[in-house]
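Asks: Input data-v4.txt, format and content: compact mmCIF, C-alpha atoms.
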```txt
# COMPACT_ATOMS: atom_id res chain seq x y z
CA MET A 277 25.61 -14.02 -0.91
CA HIS A 278 27.94 -14.84 -3.79
CA ALA A 279 25.41 -17.24 -5.30
CA ASP A 280 22.73 -14.56 -5.02
CA SER A 281 24.77 -11.97 -6.88
CA GLU A 282 25.37 -14.60 -9.56
CA LEU A 283 21.59 -14.98 -9.91
CA GLU A 284 21.22 -11.23 -10.23
CA ARG A 285 23.89 -11.08 -12.93
CA LEU A 286 22.11 -13.83 -14.84
CA MET A 287 18.82 -11.95 -14.52
CA ALA A 288 20.40 -8.74 -15.82
CA ARG A 289 21.73 -10.65 -18.83
CA TYR A 290 18.31 -12.26 -19.31
CA GLN A 291 16.79 -8.77 -19.43
CA ALA A 292 19.39 -7.84 -22.03
CA GLY A 293 18.17 -10.71 -24.23
CA ASP A 294 20.84 -13.34 -23.47
CA PHE A 295 19.13 -16.71 -23.93
CA ALA A 296 22.00 -18.68 -22.38
CA ALA A 297 21.66 -16.62 -19.19
CA ALA A 298 17.89 -17.19 -19.16
CA THR A 299 18.43 -20.95 -19.49
CA ALA A 300 21.06 -20.94 -16.74
CA LEU A 301 18.70 -18.98 -14.50
CA ILE A 302 15.88 -21.45 -15.13
CA HIS A 303 18.16 -24.34 -14.17
CA ARG A 304 19.33 -22.54 -11.01
CA VAL A 305 16.02 -21.28 -9.66
CA SER A 306 13.50 -23.89 -10.87
CA PRO A 307 14.32 -26.72 -8.41
CA GLN A 308 13.63 -24.54 -5.37
CA LEU A 309 10.52 -23.01 -6.94
CA HIS A 310 9.28 -26.52 -7.67
CA ARG A 311 9.88 -27.57 -4.05
CA PHE A 312 8.14 -24.37 -2.94
CA PHE A 313 5.01 -25.47 -4.83
CA LEU A 314 5.30 -29.08 -3.63
CA ALA A 315 5.60 -27.90 -0.04
CA GLN A 316 2.19 -26.30 -0.40
CA PHE A 317 0.21 -29.39 -1.28
CA ALA A 318 0.60 -29.13 -5.01
CA SER A 319 0.74 -32.52 -6.73
CA ARG A 320 3.76 -33.28 -8.86
CA SER A 321 1.90 -32.42 -12.09
CA ASP A 322 0.40 -29.25 -10.56
CA ALA A 323 3.86 -28.19 -9.40
CA ASP A 324 5.16 -28.72 -12.96
CA ASP A 325 2.32 -26.59 -14.35
CA LEU A 326 2.84 -23.92 -11.72
CA LEU A 327 6.54 -23.80 -12.49
CA GLN A 328 5.90 -23.32 -16.21
CA GLU A 329 3.25 -20.69 -15.52
CA THR A 330 5.63 -18.87 -13.15
CA TRP A 331 8.35 -18.70 -15.79
CA LEU A 332 5.88 -17.45 -18.39
CA ARG A 333 4.77 -14.74 -15.96
CA ILE A 334 8.38 -13.90 -15.08
CA HIS A 335 9.14 -13.63 -18.79
CA LYS A 336 6.23 -11.24 -19.37
CA VAL A 337 7.15 -8.94 -16.50
CA ARG A 338 10.94 -9.32 -16.54
CA HIS A 339 11.29 -5.56 -17.03
CA THR A 340 9.92 -5.03 -13.48
CA TYR A 341 13.09 -6.53 -11.98
CA ARG A 342 15.64 -3.85 -11.13
CA PRO A 343 19.27 -5.06 -11.41
CA SER A 344 20.34 -3.63 -8.05
CA GLU A 345 17.63 -5.53 -6.15
CA PRO A 346 17.74 -9.14 -4.86
CA LEU A 347 16.26 -11.58 -7.36
CA LEU A 348 14.69 -14.26 -5.17
CA PRO A 349 12.07 -12.03 -3.43
CA TRP A 350 11.00 -10.76 -6.86
CA ALA A 351 10.73 -14.25 -8.33
CA TYR A 352 8.96 -15.66 -5.27
CA ALA A 353 6.48 -12.76 -5.16
CA ILE A 354 5.47 -13.72 -8.71
CA ALA A 355 5.46 -17.44 -7.87
CA ARG A 356 3.16 -16.81 -4.89
CA HIS A 357 0.79 -14.87 -7.12
CA VAL A 358 0.74 -17.66 -9.71
CA ARG A 359 -0.01 -20.20 -6.97
CA VAL A 360 -2.86 -18.10 -5.56
CA ASP A 361 -4.33 -17.67 -9.07
CA HIS A 362 -4.07 -21.41 -9.63
CA TYR A 363 -5.71 -22.10 -6.27
CA ARG A 364 -8.61 -19.77 -7.12
CA LYS A 365 -9.04 -21.37 -10.54
CA SER A 366 -9.07 -24.86 -9.06
CA LEU A 367 -11.62 -23.73 -6.43
CA ARG A 368 -13.87 -22.39 -9.20
CA ALA A 369 -13.40 -25.57 -11.21
CA SER A 370 -14.14 -27.83 -8.26
CA ALA A 371 -17.23 -25.74 -7.42
CA ARG A 372 -18.46 -26.26 -11.00
CA GLU A 373 -17.70 -29.96 -10.83
CA GLN A 374 -19.50 -30.20 -7.51
CA ARG A 375 -22.60 -28.62 -9.01
CA LEU A 376 -22.43 -31.15 -11.83
CA GLU A 377 -22.04 -33.91 -9.28
CA GLU A 378 -25.13 -32.76 -7.43
CA ILE A 379 -27.10 -32.86 -10.66
CA CYS A 380 -25.86 -36.31 -11.66
CA SER A 381 -25.79 -37.70 -8.08
CA ALA A 382 -22.80 -39.72 -9.22
CA PRO A 383 -19.64 -40.48 -7.21
CA PHE A 384 -17.21 -37.61 -7.56
CA VAL A 385 -13.45 -37.88 -7.59
CA THR A 386 -11.70 -34.52 -7.34
CA SER A 387 -8.42 -33.88 -9.07
CA ASN A 388 -7.60 -31.12 -6.63
CA ALA A 389 -4.13 -31.57 -5.27
CA ALA A 390 -5.14 -30.57 -1.76
CA SER A 391 -7.34 -33.61 -1.39
CA GLY A 392 -4.78 -36.22 -2.44
CA PRO A 393 -1.52 -37.18 -0.83
CA PRO A 394 1.04 -34.47 -1.50
CA GLY A 395 3.64 -37.00 -2.55
CA ASP A 396 6.41 -35.06 -0.91
CA GLU A 397 7.98 -35.45 2.49
CA LEU A 398 8.26 -31.72 3.01
CA ALA A 399 4.58 -31.16 2.30
CA ALA A 400 3.68 -33.88 4.78
CA LEU A 401 5.91 -32.29 7.39
CA LEU A 402 4.36 -28.86 6.90
CA ALA A 403 0.81 -30.22 6.76
CA PRO A 404 -0.22 -29.12 10.28
CA LEU A 405 0.60 -25.49 9.49
CA SER A 406 -1.65 -22.85 7.99
CA GLU A 407 -1.18 -21.86 4.35
CA SER A 408 0.73 -18.66 5.11
CA GLN A 409 2.97 -20.43 7.66
CA ARG A 410 3.77 -23.19 5.14
CA GLU A 411 4.58 -20.59 2.55
CA LEU A 412 6.97 -18.75 4.87
CA LEU A 413 8.79 -21.89 5.98
CA ALA A 414 9.08 -23.07 2.39
CA MET A 415 10.79 -19.78 1.50
CA LEU A 416 13.01 -19.72 4.57
CA LYS A 417 14.02 -23.39 4.71
CA VAL A 418 13.68 -24.62 1.13
CA ALA A 419 14.84 -21.56 -0.72
CA GLY A 420 17.18 -20.46 2.06
CA MET A 421 15.94 -16.88 1.88
CA SER A 422 16.58 -14.39 4.69
CA LEU A 423 13.78 -12.87 6.79
CA GLU A 424 14.21 -9.60 4.90
CA GLU A 425 13.86 -11.38 1.55
CA VAL A 426 10.78 -13.29 2.70
CA ALA A 427 9.25 -10.02 3.92
CA ARG A 428 9.85 -8.53 0.47
CA ALA A 429 8.40 -11.55 -1.32
CA THR A 430 5.25 -11.52 0.81
CA SER A 431 4.85 -7.69 0.78
CA SER A 432 5.01 -7.57 4.56
CA THR A 433 7.42 -6.39 7.23
CA VAL A 434 10.27 -8.35 8.85
CA GLY A 435 8.52 -8.14 12.24
CA SER A 436 5.38 -9.74 10.85
CA VAL A 437 7.39 -12.54 9.20
CA LYS A 438 9.28 -13.21 12.46
CA GLN A 439 6.03 -13.46 14.35
CA LYS A 440 4.49 -15.91 11.86
CA VAL A 441 7.64 -18.06 11.80
CA HIS A 442 7.71 -18.14 15.59
CA ARG A 443 4.11 -19.39 15.65
CA ALA A 444 4.85 -21.95 12.93
CA TYR A 445 7.82 -23.33 14.89
CA LYS A 446 5.74 -23.55 18.03
CA LYS A 447 3.12 -25.57 16.18
CA LEU A 448 5.75 -27.81 14.56
CA ARG A 449 7.42 -28.38 17.94
CA GLU A 450 4.11 -29.54 19.34
CA GLU A 451 3.28 -31.74 16.35
CA LEU A 452 6.73 -33.30 16.01
CA GLY A 453 6.98 -33.71 19.77
CA SER A 454 3.73 -35.65 19.94
CA LEU A 455 4.80 -37.69 16.89
CA ASN A 456 8.05 -38.64 18.66
CA LEU A 457 6.12 -39.62 21.75
CA LYS A 458 3.88 -41.89 19.69
CA LYS A 459 6.92 -43.38 17.95
CA GLY A 460 8.61 -43.97 21.27
CA GLY A 461 5.49 -45.68 22.63
CA SER A 462 5.03 -48.01 19.65
CA THR A 463 7.31 -50.99 18.90
CA HIS A 464 5.99 -51.41 15.36
CA GLN A 465 7.44 -48.17 14.03
CA PRO A 466 10.41 -48.52 11.63
CA MET B 191 12.54 -31.13 20.13
CA ASN B 192 14.06 -27.66 19.71
CA ASP B 193 14.23 -25.18 16.79
CA LYS B 194 17.55 -26.61 15.59
CA ASP B 195 16.06 -30.09 15.31
CA ILE B 196 13.13 -28.69 13.36
CA ASP B 197 15.54 -26.83 11.06
CA GLU B 198 17.37 -30.09 10.43
CA VAL B 199 14.19 -32.06 9.75
CA LEU B 200 12.97 -29.36 7.33
CA HIS B 201 16.36 -29.21 5.64
CA GLN B 202 16.48 -32.99 5.18
CA ALA B 203 12.92 -33.07 3.85
CA ALA B 204 13.75 -30.30 1.37
CA GLN B 205 16.82 -32.20 0.16
CA THR B 206 14.95 -35.48 -0.35
CA SER B 207 12.35 -33.94 -2.66
CA ASP B 208 12.19 -35.43 -6.16
CA ALA B 209 14.55 -34.01 -8.77
CA LEU B 210 13.09 -32.00 -11.62
CA GLU B 211 12.83 -33.60 -15.03
CA PRO B 212 15.35 -32.03 -17.45
CA ALA B 213 12.69 -32.14 -20.19
CA LEU B 214 10.49 -29.81 -18.16
CA LEU B 215 13.29 -27.28 -17.80
CA GLN B 216 13.99 -27.49 -21.53
CA ARG B 217 10.30 -26.89 -22.25
CA VAL B 218 10.30 -23.87 -19.95
CA ALA B 219 13.43 -22.47 -21.60
CA ALA B 220 12.01 -23.04 -25.08
CA SER B 221 8.81 -21.18 -24.15
CA LEU B 222 10.82 -17.99 -23.50
CA GLN B 223 11.86 -17.65 -27.11
CA PRO B 224 12.09 -15.33 -29.00
CA LEU B 225 13.92 -13.40 -26.31
CA GLU B 226 13.91 -9.63 -26.82
CA PRO B 227 15.92 -7.27 -24.61
CA VAL B 228 13.80 -5.20 -22.21
CA ARG B 229 14.39 -1.90 -20.44
CA PRO B 230 14.19 -2.35 -16.63
CA LEU B 231 11.97 -0.01 -14.64
CA PRO B 232 13.70 3.11 -13.29
CA ARG B 233 14.77 3.27 -9.64
CA THR B 234 12.17 3.92 -6.95
CA TRP B 235 13.34 7.48 -6.25
CA VAL B 236 13.00 8.41 -9.94
CA LEU B 237 9.42 7.16 -10.13
CA ALA B 238 8.52 8.59 -6.71
CA THR B 239 9.94 12.00 -7.67
CA ALA B 240 7.92 11.95 -10.89
CA LEU B 241 4.80 11.16 -8.85
CA LEU B 242 5.56 14.00 -6.42
CA PHE B 243 6.01 16.46 -9.28
CA LEU B 244 2.72 15.30 -10.75
CA GLY B 245 0.83 15.70 -7.45
CA ALA B 246 2.42 19.09 -6.70
CA ALA B 247 1.79 20.36 -10.23
CA ILE B 248 -1.93 19.48 -10.16
CA ALA B 249 -2.39 20.94 -6.65
CA LEU B 250 -0.52 24.16 -7.55
CA VAL B 251 -2.23 24.67 -10.92
CA ALA B 252 -5.65 24.12 -9.32
CA ALA B 253 -4.81 26.47 -6.43
CA PHE B 254 -3.47 29.06 -8.88
CA HIS B 255 -6.76 28.85 -10.73
CA ALA B 256 -8.92 28.98 -7.57
CA GLY B 257 -6.74 31.37 -5.54
CA PHE B 258 -4.21 30.91 -2.70
CA TYR B 259 -6.62 32.29 -0.05
CA GLY B 260 -5.88 29.63 2.55
CA PHE B 261 -2.12 29.95 2.19
CA ALA B 262 -2.33 33.77 2.41
CA LYS B 263 -4.37 33.55 5.64
CA MET B 264 -1.96 31.14 7.40
CA ASP B 265 0.87 32.28 9.65
CA LEU B 266 4.40 30.96 9.25
CA LEU B 267 4.04 28.17 11.85
CA GLU B 268 0.84 26.89 10.24
CA ARG B 269 2.43 26.90 6.79
CA LEU B 270 5.53 25.13 8.05
CA LEU B 271 3.75 22.45 10.05
CA ILE B 272 0.98 21.68 7.59
CA PHE B 273 2.96 21.67 4.34
CA SER B 274 6.01 19.88 5.75
CA THR B 275 3.76 17.11 7.15
CA LEU B 276 1.90 16.82 3.86
CA ALA B 277 5.21 16.74 1.95
CA CYS B 278 6.63 14.01 4.24
CA PHE B 279 3.60 11.79 3.89
CA ALA B 280 3.42 12.45 0.15
CA CYS B 281 7.05 11.23 -0.17
CA VAL B 282 6.34 8.07 1.84
CA ALA B 283 3.05 7.40 0.02
CA ALA B 284 4.68 7.94 -3.40
CA ALA B 285 7.52 5.52 -2.54
CA GLU B 286 5.07 2.92 -1.19
CA PHE B 287 2.85 3.34 -4.27
CA VAL B 288 5.89 2.67 -6.47
CA HIS B 289 6.85 -0.34 -4.33
CA SER B 290 3.35 -1.75 -4.64
CA MET B 291 3.83 -1.83 -8.42
CA ILE B 292 7.15 -3.71 -8.24
CA PRO B 293 7.15 -7.32 -6.99
CA GLY B 294 9.53 -8.12 -4.15
CA SER B 295 10.03 -4.51 -3.03
CA ARG B 296 10.85 -3.57 0.55
CA ARG B 297 7.80 -2.32 2.45
CA LEU B 298 8.06 0.07 5.36
CA PHE B 299 4.35 0.25 6.11
CA THR B 300 1.30 -1.81 5.26
CA PRO B 301 -1.12 0.37 3.21
CA GLU B 302 -3.67 0.41 6.05
CA ASN B 303 -1.08 1.48 8.61
CA LEU B 304 0.19 4.26 6.38
CA LEU B 305 -3.33 5.57 5.83
CA LEU B 306 -4.10 5.40 9.53
CA LEU B 307 -0.85 7.09 10.53
CA ALA B 308 -1.25 9.91 7.98
CA SER B 309 -4.88 10.52 8.98
CA ILE B 310 -4.10 10.60 12.71
CA LEU B 311 -1.08 12.86 12.33
CA LEU B 312 -2.96 15.30 10.10
CA LEU B 313 -5.86 15.36 12.56
CA ALA B 314 -3.44 16.03 15.42
CA ILE B 315 -1.73 18.91 13.57
CA PHE B 316 -5.03 20.48 12.51
CA ALA B 317 -6.35 20.16 16.09
CA LEU B 318 -3.17 21.76 17.40
CA LEU B 319 -3.26 24.72 15.00
CA PHE B 320 -6.93 25.63 14.56
CA HIS B 321 -9.05 26.73 17.50
CA ASP B 322 -12.09 28.40 15.94
CA TYR B 323 -14.85 26.02 17.01
CA HIS B 324 -17.72 27.72 15.12
CA THR B 325 -19.57 25.51 12.67
CA ASP B 326 -21.10 27.93 10.13
CA HIS B 327 -22.34 26.17 6.96
CA PHE B 328 -20.69 23.02 8.29
CA LEU B 329 -22.35 20.64 5.85
CA SER B 330 -22.61 22.74 2.69
CA ALA B 331 -19.12 24.26 2.92
CA GLY B 332 -17.67 20.93 4.04
CA ILE B 333 -19.12 18.87 1.22
CA LEU B 334 -17.90 21.46 -1.27
CA CYS B 335 -14.35 21.11 0.12
CA LEU B 336 -14.54 17.31 0.16
CA VAL B 337 -15.77 17.19 -3.43
CA THR B 338 -13.12 19.70 -4.55
CA GLY B 339 -10.34 17.74 -2.84
CA VAL B 340 -11.46 14.36 -4.18
CA ALA B 341 -12.14 15.79 -7.66
CA HIS B 342 -8.51 16.95 -7.83
CA ALA B 343 -7.22 13.72 -6.28
CA ILE B 344 -8.80 11.62 -9.02
CA PRO B 345 -6.62 12.94 -11.89
CA VAL B 346 -3.53 12.66 -9.67
CA GLY B 347 -4.35 9.01 -8.95
CA LEU B 348 -5.16 8.16 -12.55
CA LEU B 349 -2.11 9.93 -13.98
CA GLY B 350 0.02 8.28 -11.28
CA TRP B 351 -1.33 4.90 -12.34
CA LEU B 352 -0.51 5.81 -15.94
CA LEU B 353 3.03 6.78 -14.91
CA LEU B 354 3.54 3.38 -13.25
CA ARG B 355 1.72 1.37 -15.92
CA ARG B 356 4.83 -0.67 -16.77
CA GLY B 357 4.88 -2.00 -13.21
CA LEU B 358 3.06 -5.05 -11.93
CA ALA B 359 0.63 -4.73 -9.04
CA LEU B 360 0.37 -8.20 -7.50
CA ASN B 361 -2.17 -6.86 -5.00
CA ARG B 362 -4.28 -4.38 -6.97
CA VAL B 363 -6.47 -3.40 -4.02
CA ALA B 364 -3.42 -2.46 -1.92
CA ALA B 365 -1.84 -0.64 -4.86
CA GLY B 366 -5.11 1.22 -5.47
CA LEU B 367 -5.33 2.16 -1.81
CA LEU B 368 -1.78 3.53 -1.82
CA GLY B 369 -2.33 5.39 -5.10
CA GLY B 370 -5.56 6.84 -3.72
CA ALA B 371 -3.86 7.86 -0.47
CA PHE B 372 -1.10 9.63 -2.39
CA ALA B 373 -3.68 11.38 -4.58
CA GLY B 374 -5.69 12.28 -1.47
CA LEU B 375 -2.65 14.03 -0.01
CA ALA B 376 -2.45 16.11 -3.20
CA GLY B 377 -6.15 16.92 -2.77
CA ILE B 378 -5.61 18.05 0.84
CA THR B 379 -2.64 20.18 -0.28
CA LEU B 380 -4.91 21.98 -2.73
CA LEU B 381 -7.51 22.58 -0.01
CA GLU B 382 -4.90 23.95 2.40
CA LEU B 383 -3.62 26.30 -0.30
CA HIS B 384 -7.07 27.46 -1.34
CA CYS B 385 -9.66 27.14 1.47
CA PRO B 386 -9.83 30.21 3.74
CA ASN B 387 -12.29 28.53 6.14
CA PHE B 388 -10.21 27.97 9.29
CA GLN B 389 -12.97 26.60 11.49
CA ALA B 390 -11.49 23.66 13.36
CA PHE B 391 -14.29 21.15 12.73
CA HIS B 392 -14.46 22.07 9.04
CA ILE B 393 -10.76 21.28 8.57
CA LEU B 394 -10.70 18.30 10.92
CA VAL B 395 -13.66 16.59 9.29
CA TRP B 396 -13.86 17.64 5.66
CA HIS B 397 -10.26 18.35 4.72
CA THR B 398 -8.91 15.24 6.43
CA ALA B 399 -11.72 13.13 4.94
CA VAL B 400 -10.26 13.65 1.47
CA LEU B 401 -7.45 11.21 2.39
CA PRO B 402 -9.56 8.14 3.39
CA VAL B 403 -12.18 8.83 0.72
CA SER B 404 -9.55 8.98 -2.04
CA ALA B 405 -7.81 5.89 -0.67
CA ALA B 406 -11.14 4.03 -0.56
CA LEU B 407 -11.87 5.06 -4.15
CA GLY B 408 -8.42 3.82 -5.22
CA ALA B 409 -8.94 0.51 -3.42
CA LEU B 410 -12.38 0.16 -5.02
CA LEU B 411 -10.87 0.79 -8.44
CA GLY B 412 -8.23 -1.87 -7.74
CA TYR B 413 -10.93 -4.30 -6.61
CA LEU B 414 -13.06 -3.68 -9.70
CA LEU B 415 -10.04 -4.10 -11.97
CA ASN B 416 -9.19 -7.36 -10.18
CA HIS B 417 -12.74 -8.58 -10.57
CA HIS B 418 -12.85 -7.62 -14.23
CA LEU B 419 -9.53 -9.33 -15.01
CA ARG B 420 -10.55 -12.51 -13.19
CA ARG B 421 -13.85 -12.62 -15.05
CA THR B 422 -12.06 -12.07 -18.34
CA ALA B 423 -9.65 -14.89 -17.48
CA SER B 424 -12.41 -17.30 -16.47
CA VAL B 425 -14.54 -16.55 -19.54
CA GLY B 426 -11.76 -17.71 -21.89
CA PRO B 427 -11.55 -21.34 -22.97
CA GLU B 428 -9.79 -23.82 -20.69
CA GLY B 429 -6.04 -23.52 -20.92
CA THR B 430 -5.92 -20.05 -22.41
CA ARG B 431 -3.96 -17.55 -20.41
CA PRO B 432 -5.13 -14.01 -19.80
CA SER B 433 -3.26 -11.49 -21.91
CA HIS B 434 -1.52 -8.64 -20.10
```
Mind turning the file's structure into structure tokens?

Replies:
Amino acid sequence: MHADSELERLMARYQAGDFAAATALIHRVSPQLHRFFLAQFASRSDADDLLQETWLRIHKVRHTYRPSEPLLPWAYAIARHVRVDHYRKSLRASAREQRLEEICSAPFVTSNAASGPPGDELAALLAPLSESQRELLAMLKVAGMSLEEVARATSSTVGSVKQKVHRAYKKLREELGSLNLKKGGSTHQP
Amino acid sequence: MNDKDIDEVLHQAAQTSDALEPALLQRVAASLQPLEPVRPLPRTWVLATALLFLGAAIALVAAFHAGFYGFAKMDLLERLLIFSTLACFACVAAAEFVHSMIPGSRRLFTPENLLLLASILLLAIFALLFHDYHTDHFLSAGILCLVTGVAHAIPVGLLGWLLLRRGLALNRVAAGLLGGAFAGLAGITLLELHCPNFQAFHILVWHTAVLPVSAALGALLGYLLNHHLRRTASVGPEGTRPSH
């Protein structure tokens, strides 16, 4: 709670034009935002781009943050939007590339992050989940946000978040349980 | 494996993620310069009150111009029930409209649920109060009321959007729907003040329809704006960012 109010103070100073506060805020919030992107199948370079784009967006709309409100739901709502925009752009780009590939009939290697290995243990762990479930768990477990804050960030209600998290845990229990069984059955596992 | 184990696995995985390069953070910080001070948006209640004044003013001015025939014909119970319900939903819709323009705001209702709830409750109150089941000039009189209500809802919605223009609608369709629903409530208020036709089906169908029609128009506007902005963004050269 104390750390959160510190973030909000930094944000208020950032709005007032204090560059040192803006820099401190970037250093405090960026690691978890970066992990949030990595947890959702972004490659390392995509996550870097998404982080920069998120800060540019935050900078443009920093007046929409109200000092009495929690900062993380606000920042994550913008980060989510940036990620969705990026996803749509990459879909359009890959569709164009695919058309080109059909014309050339040449082998096609996509640069889309979703097709390659995520390069992050968390992303691999969350892989069996749906996009929205991954997003919720990344906010709850990586960013350490409360249910109320996640509901704010995703423009939904606490009840709806609880329900989605419950389903995500059920799926993870099943996946991790079967993984443990396989590990237990095999002698070659490290 | 129980939930605690999963929590631990997730926590460990989150901790073992690669560290961020300091150069990246420096680049991000450098991109924020020059840093000008900004004025934060006012509190929700300030913006919602401004919206309510706007909606009430347009409904009252229009009713003053057209005549308060409906209001004059109503008894006290009808006035109390109808206008207090409209006022309650207008307050909720105004607050939700404001919240839809501010990222990370607390939401009490999803836009669809709010629209559904308001429509059902208005239908129930109208059904409870009006028992004249004649249907004289059902279509012609009804369409006139629907058009009048929507025509007055449009400026409320557009001016409301103008009032909240400094906000940021992350979901423009939802924001449009909420703005349209709020404007639709202003349109219904005008009809209740002005329309002296108390036939139950006329009010149930045509007056209530102003709410979903206005909301649909707002959502359509949000969708078209979304579409336009995406096209504008995709037309630009690779790497350029859309201007806001």

Asks: Counting only C-alpha atoms, what is within 10 Å of region 336-338 of chain A, bar same-chain residues fewer than 2 positions away, as a list in words?

Replies: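 Within the cut-off, the hits are Met287, Ala288, Tyr290, Gln291, Thr330, Trp331, Leu332, Arg333, Ile334, Thr340, Tyr341, Arg342, Trp350, Ala351 and Ile354 of chain A; Leu222, Pro227, Val228, Arg229, Pro230, Leu231, Ile292, Pro293, Arg356, Gly357, Leu358, Ser433 and His434 of chain B.
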
Asks: Record the distance separating CA of Leu380 (chain B) and CA of Ala253 (chain B), expressed in Å with one decimal.

Replies: 5.8 Å

Asks: Within 7 Å of chain A, which residues of chain B are there when counting only C-alpha atoms? Please give them as an MDAnalysis selection string.

Replies: chainID B and resid 191:193 200:201 203:204 207 210 215 218:219 222 225:231 292:298 300 357 360

Asks: How would the residues just picked look written out with C-alpha atoms as a PDB file, in the frame of the given file?

Replies:
```pdb
ATOM      1  CA  MET B 191      12.540 -31.130  20.130  1.00  0.00           C
ATOM      2  CA  ASN B 192      14.060 -27.660  19.710  1.00  0.00           C
ATOM      3  CA  ASP B 193      14.230 -25.180  16.790  1.00  0.00           C
ATOM      4  CA  LEU B 200      12.970 -29.360   7.330  1.00  0.00           C
ATOM      5  CA  HIS B 201      16.360 -29.210   5.640  1.00  0.00           C
ATOM      6  CA  ALA B 203      12.920 -33.070   3.850  1.00  0.00           C
ATOM      7  CA  ALA B 204      13.750 -30.300   1.370  1.00  0.00           C
ATOM      8  CA  SER B 207      12.350 -33.940  -2.660  1.00  0.00           C
ATOM      9  CA  LEU B 210      13.090 -32.000 -11.620  1.00  0.00           C
ATOM     10  CA  LEU B 215      13.290 -27.280 -17.800  1.00  0.00           C
ATOM     11  CA  VAL B 218      10.300 -23.870 -19.950  1.00  0.00           C
ATOM     12  CA  ALA B 219      13.430 -22.470 -21.600  1.00  0.00           C
ATOM     13  CA  LEU B 222      10.820 -17.990 -23.500  1.00  0.00           C
ATOM     14  CA  LEU B 225      13.920 -13.400 -26.310  1.00  0.00           C
ATOM     15  CA  GLU B 226      13.910  -9.630 -26.820  1.00  0.00           C
ATOM     16  CA  PRO B 227      15.920  -7.270 -24.610  1.00  0.00           C
ATOM     17  CA  VAL B 228      13.800  -5.200 -22.210  1.00  0.00           C
ATOM     18  CA  ARG B 229      14.390  -1.900 -20.440  1.00  0.00           C
ATOM     19  CA  PRO B 230      14.190  -2.350 -16.630  1.00  0.00           C
ATOM     20  CA  LEU B 231      11.970  -0.010 -14.640  1.00  0.00           C
ATOM     21  CA  ILE B 292       7.150  -3.710  -8.240  1.00  0.00           C
ATOM     22  CA  PRO B 293       7.150  -7.320  -6.990  1.00  0.00           C
ATOM     23  CA  GLY B 294       9.530  -8.120  -4.150  1.00  0.00           C
ATOM     24  CA  SER B 295      10.030  -4.510  -3.030  1.00  0.00           C
ATOM     25  CA  ARG B 296      10.850  -3.570   0.550  1.00  0.00           C
ATOM     26  CA  ARG B 297       7.800  -2.320   2.450  1.00  0.00           C
ATOM     27  CA  LEU B 298       8.060   0.070   5.360  1.00  0.00           C
ATOM     28  CA  THR B 300       1.300  -1.810   5.260  1.00  0.00           C
ATOM     29  CA  GLY B 357       4.880  -2.000 -13.210  1.00  0.00           C
ATOM     30  CA  LEU B 360       0.370  -8.200  -7.500  1.00  0.00           C
TER      31      LEU B 360
END
```

Asks: Excluding region 312-325 of chain B and any residue of its chain fewer than 6 positions from it, enumerate the residues within 9 Å of it, using all atoms listed in the file, and give them as a PyMOL selection string.

Replies: chain B and resi 267-268+271-272+275-276+388-395+398

Asks: Quick one: distance from CA of Asn361 (chain B) to CA of Leu415 (chain B) in Å, one decimal?

Replies: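 Answer for the CA of Asn361 (chain B) to CA of Leu415 (chain B) separation: 10.9 Å.
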
Asks: Mind giving me the straight-line distance from CA of Met291 (chain B) to CA of Arg233 (chain B) in Å, one decimal?

Replies: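 Atom-to-atom, CA of Met291 (chain B) and CA of Arg233 (chain B) are spaced 12.1 Å apart.
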